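Below: final.txt (compact mmCIF, C-alpha atoms)
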# COMPACT_ATOMS: atom_id res chain seq x y z
CA MET Q 16 37.47 66.90 38.61
CA ILE Q 17 35.71 64.74 36.02
CA ILE Q 18 32.43 65.86 34.45
CA VAL Q 19 30.00 63.15 33.33
CA THR Q 20 27.13 64.47 31.23
CA GLY Q 21 24.11 62.21 31.27
CA GLY Q 22 25.61 61.00 34.53
CA ALA Q 23 22.28 59.93 35.99
CA GLY Q 24 21.44 57.95 32.88
CA PHE Q 25 22.14 54.32 32.13
CA ILE Q 26 25.68 54.34 30.77
CA GLY Q 27 26.69 57.54 32.56
CA SER Q 28 25.78 56.22 36.00
CA ASN Q 29 27.70 53.00 35.35
CA ILE Q 30 30.74 55.06 34.34
CA LEU Q 31 30.44 56.95 37.63
CA TYR Q 32 30.38 53.61 39.44
CA GLY Q 33 33.55 52.58 37.61
CA LEU Q 34 35.27 55.91 38.31
CA GLU Q 35 34.44 55.68 41.99
CA LYS Q 36 35.79 52.13 42.17
CA ARG Q 37 39.03 53.43 40.63
CA GLY Q 38 39.31 55.98 43.44
CA CYS Q 39 38.44 59.05 41.36
CA LYS Q 40 37.30 62.05 43.38
CA ASP Q 41 35.35 65.21 42.54
CA LEU Q 42 32.86 63.60 40.20
CA VAL Q 43 30.26 65.96 38.73
CA VAL Q 44 26.96 64.81 37.23
CA VAL Q 45 25.24 66.85 34.54
CA ASP Q 46 21.68 65.65 33.94
CA TRP Q 47 17.97 66.23 34.31
CA LEU Q 48 16.56 64.03 37.07
CA GLY Q 49 12.84 64.65 36.63
CA GLN Q 50 10.17 63.25 38.90
CA GLY Q 51 10.76 59.52 38.49
CA ASP Q 52 13.34 57.14 39.93
CA LYS Q 53 16.27 58.22 37.79
CA TRP Q 54 17.93 59.72 40.87
CA LYS Q 55 18.39 56.19 42.22
CA ASN Q 56 21.02 55.57 39.53
CA ILE Q 57 23.39 57.92 41.37
CA ALA Q 58 22.10 57.60 44.94
CA LYS Q 59 25.07 55.49 46.06
CA ARG Q 60 27.74 57.72 44.52
CA GLU Q 61 29.87 60.32 46.28
CA LEU Q 62 29.47 63.40 44.10
CA ALA Q 63 30.97 66.87 44.07
CA ALA Q 64 27.94 68.37 42.31
CA VAL Q 65 24.78 67.56 40.40
CA ILE Q 66 23.92 70.27 37.92
CA SER Q 67 21.26 70.65 35.23
CA PRO Q 68 22.39 70.88 31.59
CA ASP Q 69 21.22 74.49 31.28
CA ARG Q 70 23.83 75.47 33.91
CA LEU Q 71 26.68 73.51 32.34
CA VAL Q 72 28.39 76.23 30.30
CA ASP Q 73 28.59 78.59 33.29
CA TYR Q 74 29.84 75.75 35.50
CA LEU Q 75 32.58 74.86 33.03
CA GLU Q 76 33.87 78.43 32.86
CA LYS Q 77 33.83 78.79 36.63
CA HIS Q 78 35.69 75.51 37.26
CA GLN Q 79 37.81 75.20 34.11
CA ALA Q 80 41.09 75.09 36.05
CA GLU Q 81 39.92 72.08 38.10
CA ILE Q 82 38.45 70.01 35.26
CA GLU Q 83 40.60 67.17 33.91
CA ALA Q 84 38.15 65.49 31.56
CA ILE Q 85 34.60 65.52 30.27
CA ILE Q 86 32.89 62.20 29.63
CA HIS Q 87 29.95 63.20 27.46
CA MET Q 88 27.17 60.62 27.60
CA GLY Q 89 24.24 63.04 27.72
CA ALA Q 90 21.86 62.90 24.76
CA VAL Q 91 18.32 62.38 23.60
CA SER Q 92 18.92 58.69 23.00
CA ALA Q 93 15.51 57.40 21.94
CA THR Q 94 15.70 56.06 18.39
CA THR Q 95 11.94 56.70 18.17
CA GLU Q 96 12.18 60.44 18.99
CA THR Q 97 10.91 62.49 16.03
CA ASP Q 98 11.58 66.05 17.25
CA ALA Q 99 14.73 66.70 15.21
CA ASP Q 100 15.14 70.22 16.60
CA LEU Q 101 15.24 68.87 20.15
CA ILE Q 102 17.71 66.18 19.09
CA ILE Q 103 20.05 68.69 17.43
CA ARG Q 104 20.02 71.00 20.45
CA SER Q 105 20.78 68.13 22.81
CA ASN Q 106 23.00 65.89 20.73
CA PHE Q 107 24.89 68.22 18.39
CA ASP Q 108 24.89 71.77 19.76
CA LEU Q 109 25.89 70.72 23.28
CA SER Q 110 28.55 68.34 21.95
CA LEU Q 111 30.02 71.17 19.92
CA LYS Q 112 30.18 73.45 22.97
CA LEU Q 113 32.00 70.74 24.92
CA TRP Q 114 34.41 70.20 22.04
CA GLU Q 115 35.21 73.92 21.99
CA PHE Q 116 35.69 74.04 25.76
CA CYS Q 117 38.01 71.02 25.78
CA ARG Q 118 39.89 72.44 22.78
CA ASP Q 119 40.36 75.89 24.31
CA TYR Q 120 41.41 74.61 27.73
CA GLU Q 121 43.21 71.43 26.60
CA LYS Q 122 40.99 68.90 28.36
CA GLN Q 123 40.17 65.27 27.58
CA LEU Q 124 36.87 64.65 25.83
CA ILE Q 125 35.38 61.16 25.63
CA TYR Q 126 31.97 61.18 24.00
CA ALA Q 127 29.24 58.73 23.05
CA SER Q 128 28.66 58.18 19.37
CA SER Q 129 26.44 55.25 18.37
CA ALA Q 130 26.13 52.18 16.18
CA ALA Q 131 22.94 53.86 14.94
CA THR Q 132 25.23 55.92 12.67
CA TYR Q 133 25.62 52.80 10.48
CA GLY Q 134 21.97 52.80 9.43
CA ASP Q 135 20.80 49.49 7.97
CA GLY Q 136 24.37 48.18 7.99
CA HIS Q 137 24.66 47.53 4.25
CA GLN Q 138 28.00 49.36 4.26
CA GLY Q 139 29.29 47.26 7.13
CA PHE Q 140 30.30 48.17 10.66
CA VAL Q 141 33.91 49.26 10.34
CA ASP Q 142 34.76 52.42 12.28
CA TYR Q 143 36.51 54.37 9.54
CA ASN Q 144 37.55 57.86 10.66
CA ASP Q 145 37.96 59.52 7.25
CA LEU Q 146 35.39 62.05 6.05
CA LYS Q 147 34.49 60.18 2.88
CA SER Q 148 33.50 57.05 4.81
CA LEU Q 149 31.67 58.97 7.54
CA ASN Q 150 29.77 61.06 4.99
CA ALA Q 151 28.64 57.90 3.19
CA LEU Q 152 26.76 56.55 6.23
CA ARG Q 153 22.97 56.80 6.14
CA PRO Q 154 21.38 56.54 9.62
CA LEU Q 155 17.75 55.47 9.79
CA ASN Q 156 16.50 57.99 12.38
CA PRO Q 157 17.19 61.52 13.70
CA TYR Q 158 19.09 60.16 16.69
CA GLY Q 159 21.55 58.24 14.53
CA TRP Q 160 21.89 61.21 12.18
CA SER Q 161 22.73 63.59 15.07
CA LYS Q 162 25.49 61.27 16.24
CA ALA Q 163 26.85 60.90 12.71
CA LEU Q 164 26.75 64.67 12.26
CA PHE Q 165 29.02 65.26 15.24
CA ASP Q 166 31.40 62.45 14.19
CA ARG Q 167 31.70 64.18 10.82
CA LYS Q 168 32.36 67.52 12.50
CA VAL Q 169 35.16 65.96 14.53
CA ALA Q 170 36.65 64.31 11.45
CA ARG Q 171 36.59 67.60 9.53
CA GLU Q 172 38.33 69.46 12.35
CA VAL Q 173 41.06 66.82 12.34
CA ALA Q 174 41.33 66.67 8.54
CA GLU Q 175 41.78 70.42 8.34
CA ASN Q 176 44.48 70.35 11.02
CA ARG Q 177 42.58 72.58 13.39
CA LYS Q 178 43.28 72.62 17.09
CA THR Q 179 41.58 69.74 18.94
CA PRO Q 180 41.02 68.90 22.59
CA ARG Q 181 43.91 67.31 24.46
CA GLN Q 182 42.11 64.05 23.74
CA TYR Q 183 39.07 63.27 21.62
CA ALA Q 184 37.60 59.78 21.67
CA GLY Q 185 34.22 59.07 20.12
CA LEU Q 186 32.80 55.68 21.08
CA LYS Q 187 30.22 53.96 18.88
CA PHE Q 188 28.24 51.94 21.39
CA PHE Q 189 26.27 48.97 20.12
CA ASN Q 190 23.35 47.38 22.06
CA VAL Q 191 24.27 47.95 25.69
CA TYR Q 192 22.50 46.18 28.57
CA GLY Q 193 22.94 46.17 32.33
CA PRO Q 194 21.82 47.74 35.62
CA ASN Q 195 20.43 51.28 35.95
CA GLU Q 196 18.53 51.23 32.66
CA TYR Q 197 15.15 50.90 34.37
CA HIS Q 198 14.06 54.52 33.76
CA LYS Q 199 14.33 54.15 29.98
CA GLY Q 200 10.83 52.77 29.36
CA GLY Q 201 10.52 51.41 25.83
CA GLN Q 202 14.24 51.94 25.21
CA LYS Q 203 15.30 49.42 27.87
CA SER Q 204 17.11 46.29 26.76
CA VAL Q 205 15.06 43.24 25.82
CA ILE Q 206 16.42 41.51 28.93
CA ALA Q 207 14.91 44.14 31.22
CA HIS Q 208 11.64 44.03 29.26
CA ILE Q 209 11.14 40.27 29.40
CA PHE Q 210 12.50 39.59 32.88
CA PRO Q 211 9.12 40.14 34.65
CA GLN Q 212 7.57 37.48 32.40
CA VAL Q 213 10.47 35.10 32.99
CA GLN Q 214 10.12 35.64 36.72
CA LYS Q 215 6.42 34.72 36.51
CA ASN Q 216 7.16 31.77 34.21
CA GLU Q 217 5.08 33.40 31.46
CA GLU Q 218 5.90 33.13 27.78
CA THR Q 219 8.10 35.93 26.48
CA LYS Q 220 7.36 37.33 23.04
CA LEU Q 221 9.92 38.61 20.55
CA PHE Q 222 9.27 40.55 17.35
CA LYS Q 223 8.51 38.55 14.24
CA SER Q 224 10.78 38.92 11.24
CA TYR Q 225 9.55 40.60 8.08
CA ARG Q 226 12.34 39.37 5.84
CA ALA Q 227 12.31 36.04 4.03
CA ASP Q 228 15.98 35.43 4.79
CA CYS Q 229 15.54 35.80 8.56
CA LYS Q 230 13.42 33.58 10.81
CA ASP Q 231 11.38 35.02 13.68
CA GLY Q 232 13.65 35.87 16.59
CA GLU Q 233 16.79 35.40 14.54
CA GLN Q 234 17.37 39.12 14.03
CA GLN Q 235 20.91 39.70 15.30
CA ARG Q 236 22.55 42.40 17.35
CA ASP Q 237 25.89 43.04 18.98
CA PHE Q 238 24.78 42.93 22.63
CA VAL Q 239 27.41 44.38 24.97
CA TRP Q 240 27.52 44.16 28.76
CA VAL Q 241 27.76 47.63 30.30
CA ASP Q 242 30.88 46.77 32.32
CA ASP Q 243 32.76 46.37 29.04
CA ILE Q 244 31.66 49.87 28.05
CA VAL Q 245 32.92 51.23 31.37
CA SER Q 246 36.23 49.40 30.96
CA VAL Q 247 36.81 50.99 27.54
CA VAL Q 248 35.92 54.49 28.77
CA LEU Q 249 38.31 54.20 31.73
CA TRP Q 250 41.05 52.91 29.43
CA PHE Q 251 40.74 55.97 27.21
CA LEU Q 252 40.75 58.21 30.26
CA GLU Q 253 44.05 56.63 31.31
CA ASN Q 254 45.48 56.83 27.77
CA PRO Q 255 44.99 60.48 26.80
CA HIS Q 256 47.19 60.20 23.71
CA LYS Q 257 44.68 57.86 22.01
CA ASN Q 258 42.31 59.74 19.69
CA GLY Q 259 39.68 58.86 17.13
CA ILE Q 260 36.25 57.29 16.70
CA TYR Q 261 35.95 53.64 17.71
CA ASN Q 262 33.37 50.86 17.83
CA VAL Q 263 32.61 49.49 21.28
CA GLY Q 264 30.65 46.25 21.33
CA SER Q 265 31.12 42.59 22.09
CA GLY Q 266 32.42 41.86 18.59
CA GLU Q 267 29.76 39.15 18.20
CA ALA Q 268 26.34 39.11 16.53
CA ARG Q 269 23.78 37.13 18.52
CA SER Q 270 20.07 36.62 17.96
CA PHE Q 271 17.26 37.96 20.11
CA TYR Q 272 16.27 34.32 20.58
CA ASP Q 273 19.72 33.66 22.09
CA LEU Q 274 19.25 36.66 24.37
CA ALA Q 275 15.82 35.54 25.57
CA LYS Q 276 17.05 31.97 26.05
CA ALA Q 277 19.99 33.19 28.15
CA THR Q 278 17.61 35.21 30.32
CA TRP Q 279 15.47 32.15 31.03
CA GLN Q 280 18.52 29.99 31.71
CA ALA Q 281 19.96 32.60 34.08
CA MET Q 282 16.87 31.97 36.21
CA GLY Q 283 17.32 28.21 35.93
CA LYS Q 284 14.16 27.81 33.85
CA GLU Q 285 13.24 26.15 30.56
CA PRO Q 286 12.66 28.86 27.92
CA LYS Q 287 9.12 29.76 26.86
CA ILE Q 288 9.54 32.01 23.84
CA GLY Q 289 6.91 33.16 21.34
CA PHE Q 290 6.58 35.92 18.76
CA LYS Q 291 4.49 39.03 18.17
CA GLU Q 292 3.90 41.54 15.40
CA MET Q 293 6.35 44.42 15.12
CA PRO Q 294 4.72 47.89 15.09
CA GLU Q 295 4.39 49.07 11.50
CA SER Q 296 6.17 52.31 12.37
CA LEU Q 297 9.37 50.32 13.06
CA ARG Q 298 9.36 47.86 10.19
CA ASP Q 299 11.07 50.05 7.59
CA LYS Q 300 13.62 51.40 10.09
CA TYR Q 301 14.60 48.12 11.71
CA GLN Q 302 18.17 46.83 11.83
CA TYR Q 303 18.30 43.07 11.24
CA TYR Q 304 22.02 42.73 11.94
CA THR Q 305 24.76 44.58 13.79
CA LYS Q 306 28.26 43.47 14.72
CA ALA Q 307 31.03 45.72 15.97
CA ASP Q 308 34.33 45.42 14.14
CA LEU Q 309 36.79 45.89 17.02
CA SER Q 310 39.96 45.80 14.92
CA ASN Q 311 40.72 49.50 15.36
CA LEU Q 312 40.14 49.44 19.11
CA ARG Q 313 42.41 46.42 19.45
CA SER Q 314 45.05 48.01 17.23
CA ILE Q 315 45.56 50.94 19.61
CA GLY Q 316 46.20 48.69 22.59
CA TYR Q 317 42.87 47.83 24.23
CA THR Q 318 43.31 44.14 25.05
CA ALA Q 319 40.69 43.29 27.69
CA PRO Q 320 38.30 40.50 26.61
CA MET Q 321 34.64 41.27 26.06
CA THR Q 322 32.02 39.50 28.15
CA SER Q 323 30.06 36.69 26.49
CA LEU Q 324 26.31 37.10 26.11
CA GLU Q 325 25.58 34.25 28.50
CA ASP Q 326 27.94 35.54 31.20
CA GLY Q 327 26.68 39.11 30.92
CA VAL Q 328 23.01 38.12 31.04
CA PHE Q 329 23.65 35.83 34.02
CA ALA Q 330 25.40 38.63 35.92
CA TYR Q 331 22.60 41.08 35.13
CA VAL Q 332 19.80 38.70 36.11
CA GLN Q 333 21.39 37.25 39.23
CA ASN Q 334 23.07 40.34 40.65
CA TYR Q 335 20.51 43.00 39.76
CA LEU Q 336 17.17 42.14 38.13
CA SER Q 337 16.34 39.40 40.64
CA GLN Q 338 17.43 41.45 43.66
CA GLU Q 339 15.28 43.75 45.80
CA ASP Q 340 17.81 46.53 45.20
CA MET Q 341 18.51 46.50 41.46
CA TYR Q 342 20.74 49.58 41.46
CA ARG Q 343 24.51 50.00 41.55
For this file, produce the structure as structure tokens.
Amino acid sequence: MIIVTGGAGFIGSNILYGLEKRGCKDLVVVDWLGQGDKWKNIAKRELAAVISPDRLVDYLEKHQAEIEAIIHMGAVSATTETDADLIIRSNFDLSLKLWEFCRDYEKQLIYASSAATYGDGHQGFVDYNDLKSLNALRPLNPYGWSKALFDRKVAREVAENRKTPRQYAGLKFFNVYGPNEYHKGGQKSVIAHIFPQVQKNEETKLFKSYRADCKDGEQQRDFVWVDDIVSVVLWFLENPHKNGIYNVGSGEARSFYDLAKATWQAMGKEPKIGFKEMPESLRDKYQYYTKADLSNLRSIGYTAPMTSLEDGVFAYVQNYLSQEDMYR
């Protein structure tokens, strides 16, 4: 049995898709489904159970002998969420309970950290695992802080030679895009946001830059195709002796202009790209550059190539966004 928290969410549902393709059985989703279309993310999966997060602890105790691994993707993931108490309950307290369960019963734990832990990036994007380096990071929002807090907790447990889960792998995801993100509203990828305009041949608008050294639309991110995320998660699952906290991205920094251009070209159209004001509430918390350093991930034996921006956007647009059924 494999538990996927946040299994009906964007990354979690794609991991379920990957697990099912690998022939894994007894897949359990832990998530809130709500009243929208989030359920469609898992509608095609063969599942052993779908349980709400408030029932998780009891479920773990009841089924502990059957559980092989927990893939913990569940979190309040909105970088704009301001309720820090809610974020701590969801992102830190629950993570700690899962750590303790996997430690006590010797299970594998693969969990989602985030590139948001790096803050404005002035200290770089190297995934150091030592406490000094992790404590020096300054995230820009409560979400990033909650992820950094748990990374630091893990690092302290290891540094003090305390018992750990059979496997612990924290994955710092960068800017992930792909199918099943449609329920995320304002947190969807730029591709998903602008596709309706591209489809109608209407000009797409990107945020202006508010730094003299960066032109409008030239803000850069490490955009990573969700299938690459799934590939890394499955690799860790199959390599339970690999532990630590690792970056997971494309390893390339590309501009939002490049992203928008690729979306237009994936539809076989000439780009129409303009610019708009960024909300003032975001301007002092905005990352102008991210790029995953993948050296540590490569050093432990992960060798699969990462998908190029153009190839990933083309696959997303052609196989999902432009189809009547956009779900996996």
Q.
So that I can check the surroundings of Ile85 (chain Q), please list as a PyMOL selection string every protein, DNA and RNA residue that reaches within 8 Å of it, counting all atoms listed in the file and ignoring chain neighbours fewer than 2 positions away.
A. chain Q and resi 17-20+82-83+87+113+117+122-125
Q | CA of Val328 (chain Q) to CA of Tyr133 (chain Q), distance in Å rounded to a single decimal | A |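 Rounded to one decimal, the two atoms are 25.4 Å apart.
Here CA of Leu75 (chain Q) and CA of Ala90 (chain Q) stand 18.1 Å from one another.
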Q: Counting all atoms listed in the file, find the residues whose atoms lie at most 12 Å from (41.6, 49.3, 22.3) (file coordinates) and write them out as number ranges by chain.
A: Q: 184, 186, 243-244, 246-254, 257-264, 308-321
Q. CA of Gly232 (chain Q) and CA of Phe271 (chain Q), how far apart in Å?
A. 5.5 Å
Q. For Val72 (chain Q), which residue among Q:Cys229, Q:Met293, Q:Val173, Q:Leu111 is the nearest when counting all atoms listed in the file?
A.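 Checking each of Q:Cys229, Q:Met293, Q:Val173, Q:Leu111 against Val72 (chain Q), counting all atoms listed in the file, the winner is Q:Leu111.
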Q.
Ranking Q:Phe116, Q:Trp54, Q:Phe107, Q:Tyr272 by minimum distance to Gln79 (chain Q) and counting all atoms listed in the file, which one comes first?
A.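 For Gln79 (chain Q), the nearest of the given residues is Q:Phe116.
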Q.
Give me the residues near Arg60 (chain Q) as a PyMOL selection string, where near means some atom within 9 Å (using all atoms listed in the file) and where sequence neighbours in that chain fewer than 3 positions away do not count.
A. chain Q and resi 28+31-32+35+42+56-57+343
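The nearest approach to Arg181 (chain Q) among the residues Q:Glu295, Q:Glu81, Q:Glu121, Q:Glu285, with only C-alpha atoms taken into account, belongs to Q:Glu121.
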(Q) Nearest residue to Lys36 (chain Q) out of Q:Val91, Q:Phe188, Q:Val245, Q:Asn195, using all atoms listed in the file? (A)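 The closest residue to Lys36 (chain Q) is Q:Val245.
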Q. Quick one: residues within 10 Å of region 149-152 of chain Q, only C-alpha atoms counted, chain neighbours fewer than 2 positions away excluded, as JSON, numbers by chain?
A. {"Q": [131, 132, 133, 134, 135, 136, 137, 138, 139, 142, 143, 144, 145, 146, 147, 154, 155, 159, 160, 163, 164, 166, 167, 168, 170]}
Preceding selection exported with C-alpha atoms as a PDB file, in the frame of the given file:
ATOM      1  CA  ALA Q 131      22.940  53.860  14.940  1.00  0.00           C
ATOM      2  CA  THR Q 132      25.230  55.920  12.670  1.00  0.00           C
ATOM      3  CA  TYR Q 133      25.620  52.800  10.480  1.00  0.00           C
ATOM      4  CA  GLY Q 134      21.970  52.800   9.430  1.00  0.00           C
ATOM      5  CA  ASP Q 135      20.800  49.490   7.970  1.00  0.00           C
ATOM      6  CA  GLY Q 136      24.370  48.180   7.990  1.00  0.00           C
ATOM      7  CA  HIS Q 137      24.660  47.530   4.250  1.00  0.00           C
ATOM      8  CA  GLN Q 138      28.000  49.360   4.260  1.00  0.00           C
ATOM      9  CA  GLY Q 139      29.290  47.260   7.130  1.00  0.00           C
ATOM     10  CA  ASP Q 142      34.760  52.420  12.280  1.00  0.00           C
ATOM     11  CA  TYR Q 143      36.510  54.370   9.540  1.00  0.00           C
ATOM     12  CA  ASN Q 144      37.550  57.860  10.660  1.00  0.00           C
ATOM     13  CA  ASP Q 145      37.960  59.520   7.250  1.00  0.00           C
ATOM     14  CA  LEU Q 146      35.390  62.050   6.050  1.00  0.00           C
ATOM     15  CA  LYS Q 147      34.490  60.180   2.880  1.00  0.00           C
ATOM     16  CA  PRO Q 154      21.380  56.540   9.620  1.00  0.00           C
ATOM     17  CA  LEU Q 155      17.750  55.470   9.790  1.00  0.00           C
ATOM     18  CA  GLY Q 159      21.550  58.240  14.530  1.00  0.00           C
ATOM     19  CA  TRP Q 160      21.890  61.210  12.180  1.00  0.00           C
ATOM     20  CA  ALA Q 163      26.850  60.900  12.710  1.00  0.00           C
ATOM     21  CA  LEU Q 164      26.750  64.670  12.260  1.00  0.00           C
ATOM     22  CA  ASP Q 166      31.400  62.450  14.190  1.00  0.00           C
ATOM     23  CA  ARG Q 167      31.700  64.180  10.820  1.00  0.00           C
ATOM     24  CA  LYS Q 168      32.360  67.520  12.500  1.00  0.00           C
ATOM     25  CA  ALA Q 170      36.650  64.310  11.450  1.00  0.00           C
TER      26      ALA Q 170
END
